[in-house]
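S.K.: Got entry_12.txt for you, compact mmCIF, C-alpha atoms:
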```
# COMPACT_ATOMS: atom_id res chain seq x y z
CA MET W 149 8.09 287.55 -147.20
CA PRO W 150 8.79 290.13 -144.54
CA ARG W 151 12.24 291.61 -144.73
CA VAL W 152 13.14 290.38 -141.31
CA THR W 153 12.31 286.84 -142.29
CA ARG W 154 14.31 287.18 -145.47
CA TYR W 155 17.35 288.37 -143.58
CA LEU W 156 17.13 285.59 -141.07
CA THR W 157 16.62 282.97 -143.75
CA LEU W 158 19.59 284.23 -145.70
CA ALA W 159 21.80 284.31 -142.64
CA ALA W 160 20.77 280.80 -141.69
CA ALA W 161 21.43 279.56 -145.18
CA MET W 162 24.89 281.05 -145.11
CA LEU W 163 25.68 279.53 -141.79
CA PHE W 164 24.38 276.07 -142.34
CA ALA W 165 24.76 275.45 -146.04
CA PRO W 166 27.13 272.52 -146.65
CA ALA W 167 29.26 274.57 -148.99
CA ALA W 168 29.88 277.05 -146.28
CA ARG W 169 31.42 274.37 -144.12
CA ALA W 170 34.10 273.45 -146.56
CA GLN W 171 36.74 275.71 -145.17
CA CYS W 172 37.30 278.28 -142.54
CA LEU W 173 39.88 280.82 -141.73
CA PRO W 174 42.57 279.84 -139.31
CA ALA W 175 41.61 282.86 -137.32
CA VAL W 176 38.41 281.23 -136.23
CA CYS W 177 39.70 277.70 -135.71
CA ALA W 178 41.90 276.54 -132.87
CA LEU W 179 43.69 273.22 -133.21
CA ALA W 180 44.34 271.36 -130.02
CA VAL W 181 46.26 268.17 -129.38
CA THR W 182 45.45 266.31 -126.21
CA ILE W 183 47.01 263.15 -124.88
CA GLN W 184 44.97 260.86 -122.74
CA SER W 185 45.22 257.51 -121.04
CA ASP W 186 44.05 254.54 -123.02
CA ALA W 187 41.66 252.21 -121.29
CA SER W 188 44.18 249.41 -121.71
CA GLY W 189 47.26 251.44 -120.98
CA ILE W 190 49.14 253.01 -118.15
CA ALA W 191 47.48 255.91 -116.38
CA LEU W 192 49.00 259.12 -117.65
CA GLY W 193 49.64 262.17 -115.58
CA GLY W 194 47.82 265.15 -117.01
CA SER W 195 45.63 262.89 -119.10
CA GLY W 196 43.41 264.90 -121.39
CA SER W 197 45.80 267.79 -121.58
CA SER W 198 48.49 268.79 -124.01
CA ALA W 199 51.23 268.07 -121.49
CA ALA W 200 50.94 264.52 -120.28
CA THR W 201 53.44 262.45 -118.36
CA MET W 202 54.02 258.74 -118.68
CA ALA W 203 55.81 257.51 -115.58
CA PHE W 204 56.60 253.81 -115.44
CA GLY W 205 58.24 253.95 -112.07
CA THR W 206 60.97 251.46 -111.30
CA MET W 207 61.09 248.51 -113.63
CA GLN W 208 63.52 245.75 -114.38
CA ALA W 209 64.01 243.24 -117.10
CA TYR W 210 63.51 240.28 -114.80
CA GLY W 211 61.14 240.11 -111.91
CA GLY W 212 59.91 243.19 -110.15
CA THR W 213 56.56 244.79 -110.79
CA VAL W 214 55.02 245.63 -114.11
CA PRO W 215 52.54 248.52 -113.90
CA THR W 216 48.97 247.92 -114.94
CA GLY W 217 48.53 248.46 -118.65
CA VAL W 218 52.21 247.97 -119.37
CA THR W 219 53.65 245.05 -121.26
CA ARG W 220 57.20 243.92 -120.69
CA THR W 221 58.91 241.82 -123.31
CA VAL W 222 62.32 240.36 -122.62
CA GLY W 223 64.54 239.47 -125.53
CA ALA W 224 67.98 237.99 -125.77
CA THR W 225 69.85 241.26 -125.54
CA ASN W 226 67.27 243.81 -124.48
CA TRP W 227 63.85 244.28 -123.00
CA THR W 228 60.92 246.39 -124.04
CA ILE W 229 58.16 248.12 -122.15
CA SER W 230 55.12 249.19 -124.07
CA THR W 231 51.73 250.69 -123.40
CA PRO W 232 48.92 252.19 -125.44
CA PHE W 233 47.89 255.82 -125.13
CA ASP W 234 45.42 258.01 -126.97
CA ILE W 235 45.78 261.19 -128.95
CA LYS W 236 42.93 263.45 -129.88
CA VAL W 237 43.27 266.34 -132.28
CA SER W 238 40.36 268.72 -132.19
CA CYS W 239 39.58 271.93 -133.97
CA THR W 240 37.45 274.36 -132.08
CA ASN W 241 35.86 277.39 -133.60
CA LEU W 242 36.87 280.42 -131.63
CA LEU W 243 33.62 282.17 -132.46
CA ASN W 244 31.59 279.27 -131.19
CA LEU W 245 29.75 279.12 -134.45
CA LEU W 246 30.35 275.63 -135.61
CA PRO W 247 32.92 272.98 -134.92
CA CYS W 248 35.71 273.48 -137.38
CA THR W 249 35.75 269.76 -137.88
CA LEU W 250 33.03 270.55 -140.35
CA ILE W 251 34.23 273.87 -141.45
CA ILE W 252 37.83 273.51 -142.38
CA SER W 253 39.76 270.82 -144.12
CA PRO W 254 38.65 267.64 -142.37
CA THR W 255 42.06 266.12 -141.84
CA TYR W 256 45.34 266.79 -140.12
CA THR W 257 48.88 265.55 -140.14
CA LEU W 258 50.36 264.41 -136.86
CA THR W 259 54.05 264.05 -136.16
CA ALA W 260 56.10 263.04 -133.15
CA GLN W 261 59.67 263.75 -132.30
CA LEU W 262 61.96 263.06 -129.39
CA GLN W 263 63.05 266.15 -127.62
CA SER W 264 66.50 264.83 -126.75
CA ALA W 265 68.71 262.42 -128.59
CA ASP W 266 69.04 258.92 -127.18
CA GLY W 267 71.73 256.77 -128.70
CA THR W 268 71.18 253.90 -126.32
CA ASN W 269 67.52 253.14 -126.09
CA THR W 270 64.97 252.74 -128.83
CA TRP W 271 61.81 254.82 -128.65
CA LYS W 272 58.91 253.82 -130.79
CA ILE W 273 55.33 254.73 -131.47
CA GLY W 274 53.68 251.84 -133.17
CA SER W 275 56.31 250.20 -135.31
CA SER W 276 58.12 253.39 -136.14
CA THR W 277 61.19 254.62 -134.36
CA LEU W 278 61.31 258.08 -132.88
CA SER W 279 64.35 260.27 -133.00
CA SER W 280 65.28 263.77 -132.16
CA ALA W 281 66.64 264.38 -135.64
CA THR W 282 63.45 264.34 -137.65
CA PRO W 283 59.74 264.19 -136.86
CA LEU W 284 58.03 260.89 -137.32
CA THR W 285 54.73 261.10 -139.17
CA LEU W 286 52.01 259.27 -137.30
CA ALA W 287 49.06 260.31 -139.43
CA THR W 288 48.70 262.14 -142.71
CA ALA W 289 44.95 262.36 -142.83
CA GLY W 290 43.75 262.19 -139.26
CA THR W 291 40.16 263.03 -138.52
CA TYR W 292 39.44 265.79 -136.05
CA GLY W 293 37.79 264.75 -132.87
CA ASN W 294 38.67 261.09 -133.15
CA VAL W 295 40.49 259.50 -130.26
CA VAL W 296 43.29 257.54 -131.85
CA PRO W 297 45.18 254.91 -129.88
CA TYR W 298 48.90 254.61 -130.34
CA THR W 299 51.35 252.24 -128.72
CA PHE W 300 54.44 253.63 -127.11
CA ALA W 301 57.42 251.31 -126.70
CA LEU W 302 60.83 251.76 -125.15
CA THR W 303 63.51 249.15 -125.73
CA ILE W 304 66.33 249.03 -123.20
CA PRO W 305 69.46 246.99 -123.86
CA PHE W 306 70.74 244.70 -121.12
CA THR W 307 74.07 246.40 -121.34
CA GLU W 308 72.70 249.70 -120.20
CA ALA W 309 73.48 250.61 -116.64
CA ALA W 310 70.65 250.88 -114.17
CA GLY W 311 69.25 254.34 -113.71
CA THR W 312 66.52 256.66 -114.86
CA ILE W 313 65.63 257.02 -118.50
CA SER W 314 63.60 260.05 -119.43
CA ASN W 315 62.74 262.02 -122.49
CA THR W 316 59.88 264.01 -123.95
CA ILE W 317 57.94 263.30 -127.07
CA ASN W 318 56.70 266.35 -128.89
CA PHE W 319 53.58 265.93 -130.95
CA VAL W 320 52.60 268.44 -133.62
CA ALA W 321 49.32 268.45 -135.51
CA VAL W 322 49.03 270.51 -138.68
CA SER W 323 45.77 271.01 -140.51
CA ASN W 324 45.87 269.82 -144.09
CA MET M 59 4.95 297.90 -130.05
CA GLN M 60 7.71 297.26 -132.56
CA LEU M 61 11.33 298.07 -132.46
CA THR M 62 12.10 300.87 -134.81
CA PRO M 63 15.42 301.47 -136.48
CA VAL M 64 16.21 305.14 -136.69
CA ARG M 65 19.27 307.03 -137.69
CA HIS M 66 18.28 310.36 -136.29
CA GLU M 67 19.37 311.80 -133.10
CA LEU M 68 17.56 310.09 -130.36
CA SER M 69 16.40 313.28 -128.86
CA GLN M 70 14.70 314.31 -132.10
CA VAL M 71 13.05 310.98 -132.67
CA SER M 72 12.07 310.71 -129.11
CA ALA M 73 10.51 314.14 -129.19
CA TYR M 74 8.70 313.45 -132.40
CA CYS M 75 7.43 310.09 -131.29
CA GLU M 76 6.42 311.43 -127.94
CA SER M 77 4.53 314.24 -129.60
CA CYS M 78 2.88 311.89 -132.09
CA MET M 79 1.78 309.53 -129.39
CA ALA M 80 0.56 312.34 -127.24
CA LYS M 81 -1.79 313.27 -130.03
CA GLN M 82 -3.13 309.73 -129.83
CA GLY M 83 -3.47 310.00 -126.11
CA LYS M 84 -0.60 307.63 -125.48
CA LYS M 85 2.64 307.98 -123.66
CA LEU M 86 6.08 307.06 -125.01
CA ALA M 87 7.91 304.45 -123.00
CA HIS M 88 11.65 304.96 -122.73
CA SER M 89 13.98 302.15 -121.95
CA ASN M 90 16.54 302.70 -119.32
CA GLN M 91 19.18 301.64 -121.77
CA LEU M 92 19.54 303.96 -124.69
CA PRO M 93 19.01 303.72 -127.54
CA VAL M 94 16.25 301.22 -127.00
CA LEU M 95 13.31 303.23 -128.05
CA TRP M 96 9.85 301.85 -128.17
CA CYS M 97 7.67 303.71 -130.57
CA PRO M 98 4.56 302.59 -132.43
CA PRO M 99 5.05 302.23 -136.18
CA ASP M 100 2.63 304.95 -137.00
CA CYS M 101 4.71 307.39 -134.96
CA ALA M 102 8.14 306.00 -135.87
CA GLY M 103 8.66 308.08 -138.98
CA SER M 104 10.43 311.31 -138.41
CA PRO M 105 9.56 314.38 -140.41
CA THR M 106 12.77 315.97 -139.41
CA PRO M 107 15.82 315.23 -141.58
CA ALA M 108 18.62 313.54 -139.84
CA LYS M 109 20.89 315.96 -138.18
CA ALA M 110 24.04 314.43 -139.62
CA PRO M 111 24.36 311.85 -136.96
CA GLY M 112 27.83 310.62 -136.31
CA ILE M 113 29.01 307.07 -136.60
CA ALA M 114 28.61 306.56 -132.93
CA ASN M 115 25.03 307.65 -133.10
CA ARG M 116 24.35 305.40 -136.03
CA PHE M 117 25.68 302.41 -134.20
CA LEU M 118 23.91 303.34 -131.07
CA ASP M 119 20.72 303.63 -132.98
CA MET M 120 21.23 300.44 -134.84
CA ARG M 121 22.15 298.23 -131.95
CA PRO M 122 18.73 297.19 -130.93
CA THR M 123 17.39 297.05 -134.44
CA ILE M 124 19.83 295.00 -136.45
CA CYS M 125 17.93 292.65 -138.68
CA VAL M 126 15.02 292.39 -136.35
CA GLY M 127 13.46 295.81 -136.34
CA ARG M 128 10.96 297.12 -138.75
CA ASP M 129 12.09 300.29 -140.37
CA ALA M 130 9.76 303.17 -140.78
CA SER M 131 8.68 303.08 -144.36
CA PRO M 132 10.43 304.08 -146.72
CA SER M 133 13.00 305.87 -144.72
CA GLU M 134 16.77 305.98 -145.03
CA ALA M 135 16.88 303.90 -141.91
CA GLY M 136 15.49 300.97 -143.83
CA LYS M 137 18.11 301.21 -146.53
CA PHE M 138 20.84 301.58 -144.00
CA MET M 139 19.56 298.56 -142.13
CA LYS M 140 19.55 296.53 -145.29
CA LYS M 141 23.15 297.45 -146.08
CA LEU M 142 24.27 296.69 -142.60
CA CYS M 143 22.53 293.36 -142.48
CA LEU M 144 23.99 292.36 -145.82
CA LEU M 145 27.39 293.37 -144.56
CA LEU M 146 26.91 291.25 -141.49
CA ILE M 147 25.76 288.26 -143.47
CA CYS M 148 28.59 288.60 -145.93
CA SER M 149 31.03 288.79 -143.08
CA ILE M 150 29.67 285.61 -141.60
CA PHE M 151 29.79 283.99 -145.01
CA PHE M 152 33.36 285.09 -145.53
CA ILE M 153 34.52 284.00 -142.14
CA GLY M 154 32.64 280.77 -142.06
CA GLY M 155 32.55 279.77 -145.65
CA VAL M 156 34.76 280.97 -148.39
CA GLY M 157 37.94 281.90 -146.65
CA THR M 158 41.03 280.19 -147.88
CA ALA M 159 42.15 277.56 -145.40
CA GLN M 160 45.72 277.87 -144.27
CA ALA M 161 47.69 275.36 -142.26
CA THR M 162 47.28 275.77 -138.56
CA SER M 163 49.09 273.73 -136.00
CA ALA M 164 49.03 272.72 -132.39
CA SER M 165 51.39 270.74 -130.26
CA ALA M 166 51.47 268.55 -127.20
CA THR M 167 54.14 266.90 -125.17
CA MET M 168 54.41 263.61 -123.33
CA ALA M 169 57.21 263.27 -120.84
CA VAL M 170 58.25 259.66 -120.40
CA SER M 171 60.30 258.35 -117.54
CA VAL M 172 61.28 254.95 -116.23
CA THR M 173 63.79 254.03 -113.58
CA VAL M 174 65.65 250.95 -114.65
CA ALA M 175 66.80 248.58 -111.94
CA SER M 176 69.35 245.87 -112.52
CA SER M 177 68.03 242.35 -112.42
CA ILE M 178 69.05 238.77 -112.87
CA SER M 179 67.06 235.96 -114.34
CA PHE M 180 67.34 232.35 -113.30
CA VAL M 181 65.23 229.62 -114.76
CA ILE M 182 65.65 225.88 -114.83
CA GLN M 183 64.76 223.89 -117.86
CA SER M 184 64.86 220.34 -118.98
CA ASP M 185 68.11 219.27 -120.55
CA ALA M 186 67.86 217.56 -123.87
CA SER M 187 69.47 214.49 -122.31
CA GLY M 188 67.68 214.64 -119.02
CA LEU M 189 64.42 214.03 -117.31
CA ALA M 190 61.53 216.10 -118.54
CA LEU M 191 60.88 218.67 -115.85
CA THR M 192 57.48 219.98 -114.98
CA ASN M 193 57.21 223.75 -115.53
CA SER M 194 60.47 223.68 -117.42
CA GLY M 195 61.72 227.15 -118.22
CA THR M 196 60.48 228.69 -115.02
CA SER M 197 62.06 229.32 -111.69
CA ALA M 198 59.99 226.64 -110.01
CA VAL M 199 60.32 223.28 -111.67
CA THR M 200 59.57 219.79 -110.51
CA ALA M 201 61.60 216.67 -111.20
CA SER M 202 59.41 213.64 -110.72
CA PHE M 203 61.15 210.33 -111.07
CA GLY M 204 58.08 208.33 -110.36
CA THR M 205 58.53 204.89 -108.84
CA MET M 206 62.01 203.44 -109.12
CA SER M 207 63.86 200.57 -107.60
CA ALA M 208 67.50 199.61 -107.29
CA TYR M 209 66.98 196.57 -109.40
CA GLY M 210 64.69 196.15 -112.28
CA GLY M 211 61.70 198.29 -112.75
CA THR M 212 61.57 201.24 -115.13
CA VAL M 213 64.14 203.95 -115.46
CA PRO M 214 62.62 207.16 -116.85
CA THR M 215 64.03 208.60 -120.03
CA GLY M 216 66.98 210.81 -119.31
CA VAL M 217 67.64 209.25 -115.95
CA THR M 218 70.64 207.15 -115.11
CA ARG M 219 70.51 204.51 -112.38
CA THR M 220 73.75 203.34 -110.81
CA VAL M 221 73.91 200.57 -108.27
CA ASN M 222 76.90 200.66 -105.97
CA GLY M 223 77.48 197.10 -104.90
CA THR M 224 75.33 196.26 -101.95
CA THR M 225 75.49 199.67 -100.30
CA ASN M 226 73.32 202.09 -102.21
CA TRP M 227 72.03 203.07 -105.57
CA LYS M 228 71.92 206.44 -107.27
CA ILE M 229 69.64 208.13 -109.74
CA SER M 230 70.87 211.10 -111.71
CA THR M 231 69.76 213.38 -114.50
CA PRO M 232 71.09 216.51 -116.11
CA PHE M 233 69.16 219.79 -116.07
CA ASP M 234 69.88 223.25 -117.39
CA ALA M 235 70.31 226.40 -115.38
CA VAL M 236 69.72 229.48 -117.50
CA ILE M 237 71.01 232.62 -115.89
CA ALA M 238 71.03 236.10 -117.42
CA VAL M 239 71.71 239.55 -116.10
CA ALA M 240 70.33 242.87 -117.23
CA ASN M 241 71.38 246.44 -116.69
CA GLN M 242 74.29 245.54 -114.51
CA THR M 243 77.94 245.22 -115.21
CA SER M 244 78.72 241.64 -114.28
CA SER M 245 81.05 239.17 -115.89
CA ASN M 246 79.90 236.07 -114.04
CA TYR M 247 77.77 234.80 -111.22
CA THR M 248 77.87 232.69 -108.12
CA LEU M 249 75.39 229.86 -107.83
CA THR M 250 74.47 228.17 -104.58
CA ALA M 251 72.09 225.38 -103.71
CA GLN M 252 70.52 224.28 -100.47
CA LEU M 253 68.03 221.65 -99.43
CA ALA M 254 64.82 222.97 -98.05
CA SER M 255 64.53 220.12 -95.56
CA SER M 256 67.20 218.14 -93.90
CA ASP M 257 67.75 214.58 -95.03
CA SER M 258 70.16 212.49 -93.02
CA THR M 259 69.49 209.31 -94.93
CA ASN M 260 69.92 210.09 -98.56
CA THR M 261 72.65 212.06 -100.31
CA TRP M 262 71.64 214.94 -102.56
CA GLN M 263 74.17 216.28 -104.99
CA ILE M 264 74.51 218.76 -107.79
CA GLY M 265 77.48 217.66 -109.76
CA ALA M 266 80.07 216.65 -107.20
CA THR M 267 78.75 218.98 -104.56
CA THR M 268 76.64 217.62 -101.77
CA ILE M 269 73.60 219.66 -100.90
CA THR M 270 72.35 219.94 -97.35
CA SER M 271 69.82 222.02 -95.53
CA ALA M 272 72.42 223.32 -93.12
CA SER M 273 74.04 225.77 -95.45
CA ALA M 274 74.11 226.81 -99.05
CA ALA M 275 76.63 224.92 -101.11
CA THR M 276 78.42 226.86 -103.81
CA LEU M 277 78.07 225.18 -107.13
CA THR M 278 80.16 227.75 -108.95
CA SER M 279 81.57 231.14 -108.16
CA THR M 280 82.45 232.02 -111.73
CA GLY M 281 79.43 230.90 -113.64
CA THR M 282 79.08 232.01 -117.19
CA TYR M 283 75.81 233.71 -118.05
CA GLY M 284 73.63 231.72 -120.33
CA THR M 285 72.80 228.05 -120.16
CA THR M 286 74.83 225.74 -117.95
CA VAL M 287 74.23 222.03 -117.56
CA PHE M 288 74.27 220.62 -114.07
CA THR M 289 73.68 217.07 -112.99
CA PHE M 290 71.41 216.23 -110.14
CA SER M 291 71.87 212.98 -108.29
CA LEU M 292 70.24 211.30 -105.35
CA THR M 293 71.95 208.41 -103.58
CA ILE M 294 69.66 206.04 -101.70
CA PRO M 295 71.07 203.46 -99.27
CA PHE M 296 69.82 199.94 -99.52
CA THR M 297 68.99 200.09 -95.86
CA GLU M 298 66.34 202.69 -96.40
CA ALA M 299 62.79 201.50 -96.31
CA ALA M 300 60.77 201.70 -99.48
CA GLY M 301 58.66 204.81 -99.80
CA ALA M 302 58.57 208.27 -101.31
CA ILE M 303 61.54 210.58 -101.04
CA SER M 304 60.99 214.24 -101.66
CA ASN M 305 62.69 217.50 -101.01
CA THR M 306 63.24 220.89 -102.60
CA ILE M 307 66.50 222.40 -103.71
CA ASN M 308 66.71 226.16 -103.48
CA PHE M 309 69.10 227.75 -105.97
CA VAL M 310 70.40 231.27 -105.66
CA ALA M 311 72.33 233.04 -108.39
CA THR M 312 74.18 236.22 -107.55
CA ALA M 313 75.80 238.48 -110.09
CA ASN M 314 79.46 239.10 -109.37
```
Any chance you could put this one into structure tokens?
M.R.:
Amino acid sequence: MPRVTRYLTLAAAMLFAPAARAQCLPAVCALAVTIQSDASGIALGGSGSSAATMAFGTMQAYGGTVPTGVTRTVGATNWTISTPFDIKVSCTNLLNLLPCTLIISPTYTLTAQLQSADGTNTWKIGSSTLSSATPLTLATAGTYGNVVPYTFALTIPFTEAAGTISNTINFVAVSN
Amino acid sequence: MQLTPVRHELSQVSAYCESCMAKQGKKLAHSNQLPVLWCPPDCAGSPTPAKAPGIANRFLDMRPTICVGRDASPSEAGKFMKKLCLLLICSIFFIGGVGTAQATSASATMAVSVTVASSISFVIQSDASGLALTNSGTSAVTASFGTMSAYGGTVPTGVTRTVNGTTNWKISTPFDAVIAVANQTSSNYTLTAQLASSDSTNTWQIGATTITSASAATLTSTGTYGTTVFTFSLTIPFTEAAGAISNTINFVATAN
């Protein structure tokens, strides 16, 4: 076998052998968390980026307008607005060799945390309550590249005065 | 033509190759971009020892030949090429394969905002002791008494018929008004009622209050939020001809 062929074969084997995909150095893999609108949810501002906005506009417990993709549930003492949204965690190889989804550890842990404390309203993702005190774990073995739908919910007590409610949810993905 | 890896000074190799090819009646073709040097294999070997080329020269010489050139047999260039290629492959292997994975992280933010407006809810529902309302529990219900007469006939469940001597007769039934307020500081509410169409023949009442189309009648100005039972009644004079009687009562609740 000509030397050139041997070199190329060896290089190809190193690059594409399954064992070689098991892990990769962080230096060549860039994690990215993007938030995007869910097909059944409210349209997010900055959908597909890592800095999205979810603006419900003006809403009220009774009557008024409910934005498309938003569900309003009125209870005896409070009301809840909820909508699905999607999160995608991807791992991109900086050297453009291979997607790190195949190269590094195939899973990630995703957490969410409120940026500011809110002692009045209840912020939830899925059935879990968010707080500013500690991060809420949304996934412990998420798969890179998968678009995962989550449901955001905000519960507002009737006793709260009218006005604007705002906060920021910080998501952090860590490779396992 | 084949690309030839060399580790000698380009000028030496070029001169040698040019001379060798000249003997064969050929002419050496130089690339505009050094160190691309096109030299036939039979003229690629240099009889002149390398003149201690520096690192820069080595890399310059190697650039076009890495792993794809054919070294002049059995020169140092070939061995050097082999080492370099192995180094490259090992580097790729290390970077892409056997490195120890460490936790990396990324973050994203989602700013959420909603402007909450105060609101009040008002629905009417069937009372347990009253006539079954159509669309009970909504803000647009219907109370259908069906066919009734002052004497005899059928009185619907939950409806009371009262005959006042020979003057008129009255049908009445309780219903529930469910009023709630959200995101507003309010201790009670005011409730008014008004007929949609005037009726100068019959008497429409909610509780003891007569309802007309002329103006809204106040049923309560200190209503307690929650469920309140009101009684609707319609008084029909005996002098009125038989036929259907219909109207709509518009209720308005205002948080105080």
S.K.: For atom CA of M:Asn226 and atom CA of M:Ala208, determine how far apart the two atoms are, in Å to one decimal place.
M.R.: 8.1 Å
S.K.: M:Leu249, M:Ile229, M:Val174, M:Ala186: which is nearest chain W, counting all atoms listed in the file?
M.R.: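 The answer is M:Val174, which sits nearest to chain W.
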S.K.: Go through chain W residue by residue and, counting only C-alpha atoms, keep those with an atom at most 6 Å from chain M; for each kept residue give the shortest atom pair and its distance in Å to one decimal, ordered by chain and increasing number, as a tab-separated table.
M.R.:
```
residue	atom	partner	partner_atom	distance
W:Val152	CA	M:Val126	CA	5.7
W:Ala159	CA	M:Ile147	CA	5.7
W:Met162	CA	M:Phe151	CA	5.7
W:Ala168	CA	M:Gly155	CA	3.9
W:Arg169	CA	M:Gly155	CA	5.7
W:Gln171	CA	M:Ala159	CA	5.7
W:Cys172	CA	M:Gly154	CA	5.3
W:Leu173	CA	M:Gly157	CA	5.4
W:Leu179	CA	M:Ala164	CA	5.4
W:Ala180	CA	M:Ala164	CA	5.4
W:Val181	CA	M:Ala166	CA	5.7
W:Ser198	CA	M:Ala166	CA	4.4
W:Ala199	CA	M:Thr167	CA	4.8
W:Ala200	CA	M:Met168	CA	4.7
W:Thr201	CA	M:Ala169	CA	4.6
W:Met202	CA	M:Val170	CA	4.7
W:Ala203	CA	M:Ser171	CA	5.0
W:Phe204	CA	M:Val172	CA	4.9
W:Gly205	CA	M:Val172	CA	5.2
W:Thr206	CA	M:Thr173	CA	4.4
W:Met207	CA	M:Val174	CA	5.3
W:Gln208	CA	M:Ala175	CA	5.0
W:Tyr210	CA	M:Ser177	CA	5.5
W:Phe306	CA	M:Ala240	CA	4.3
W:Thr307	CA	M:Asn241	CA	5.4
W:Glu308	CA	M:Asn241	CA	5.0
W:Ala309	CA	M:Asn241	CA	4.7
W:Ala310	CA	M:Ala175	CA	5.0
W:Gly311	CA	M:Val174	CA	5.0
W:Thr312	CA	M:Thr173	CA	4.0
W:Ile313	CA	M:Val172	CA	5.3
W:Ser314	CA	M:Ser171	CA	4.2
W:Asn315	CA	M:Val170	CA	5.5
W:Thr316	CA	M:Ala169	CA	4.2
W:Ile317	CA	M:Met168	CA	5.2
W:Asn318	CA	M:Thr167	CA	4.5
W:Phe319	CA	M:Ala166	CA	5.0
W:Val320	CA	M:Ser165	CA	4.2
W:Ala321	CA	M:Ala164	CA	5.3
W:Val322	CA	M:Ser163	CA	4.2
W:Ser323	CA	M:Ala161	CA	5.1
```
S.K.: Considering all atoms listed in the file, state which residue in the set M:Leu292, M:Val236, M:Ala272, M:Ile264 is at the smallest distance from W:Ala224.
M.R.: M:Val236
S.K.: Go ahead and compute the interatomic distance for atom CA of W:Thr228 and atom CA of W:Gly211, in Å to one decimal.
M.R.: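 Those two atoms sit 13.7 Å apart.
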S.K.: Would you mind listing what lies within 6 Å of W:Lys236 as a list in words, with only C-alpha atoms counted and same-chain residues fewer than 3 positions away left out?
M.R.: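 Close residues of W:Lys236: Val181, Thr182, Asn294 and Val295 of chain W.
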S.K.: Is it possible to get the axis-aligned box enclosing stretch 199-217 of chain W (all listed atoms, 6 Å extra per side) as JSON, with centre and edge lengths in Å rounded to one decimal?
M.R.:
```
{"center_x": 56.3, "center_y": 254.1, "center_z": -115.8, "size_x": 27.5, "size_y": 40.0, "size_z": 23.3}
```
S.K.: Env of M:Thr293: 7 Å cut, atoms = only C-alpha atoms, seq-sep filter 2 positions within chain, self excluded. Answer as number ranges by chain.
M.R.: M: 226-229, 260-262, 291, 295
S.K.: For a cut-off of 10 Å around (55.0, 263.1, -136.2), file coordinates, pick out all residues using all atoms listed in the file and list them as a PyMOL selection string.
M.R.: chain W and resi 257-262+273+278+282-288+317-322
S.K.: From the set W:Thr231, W:Ser275, W:Ser264, W:Thr291, which residue has the shortest atom-to-atom contact distance to W:Asp186, counting only C-alpha atoms?
M.R.: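 Looking at the shortest contact to W:Asp186, the residue is W:Thr231.
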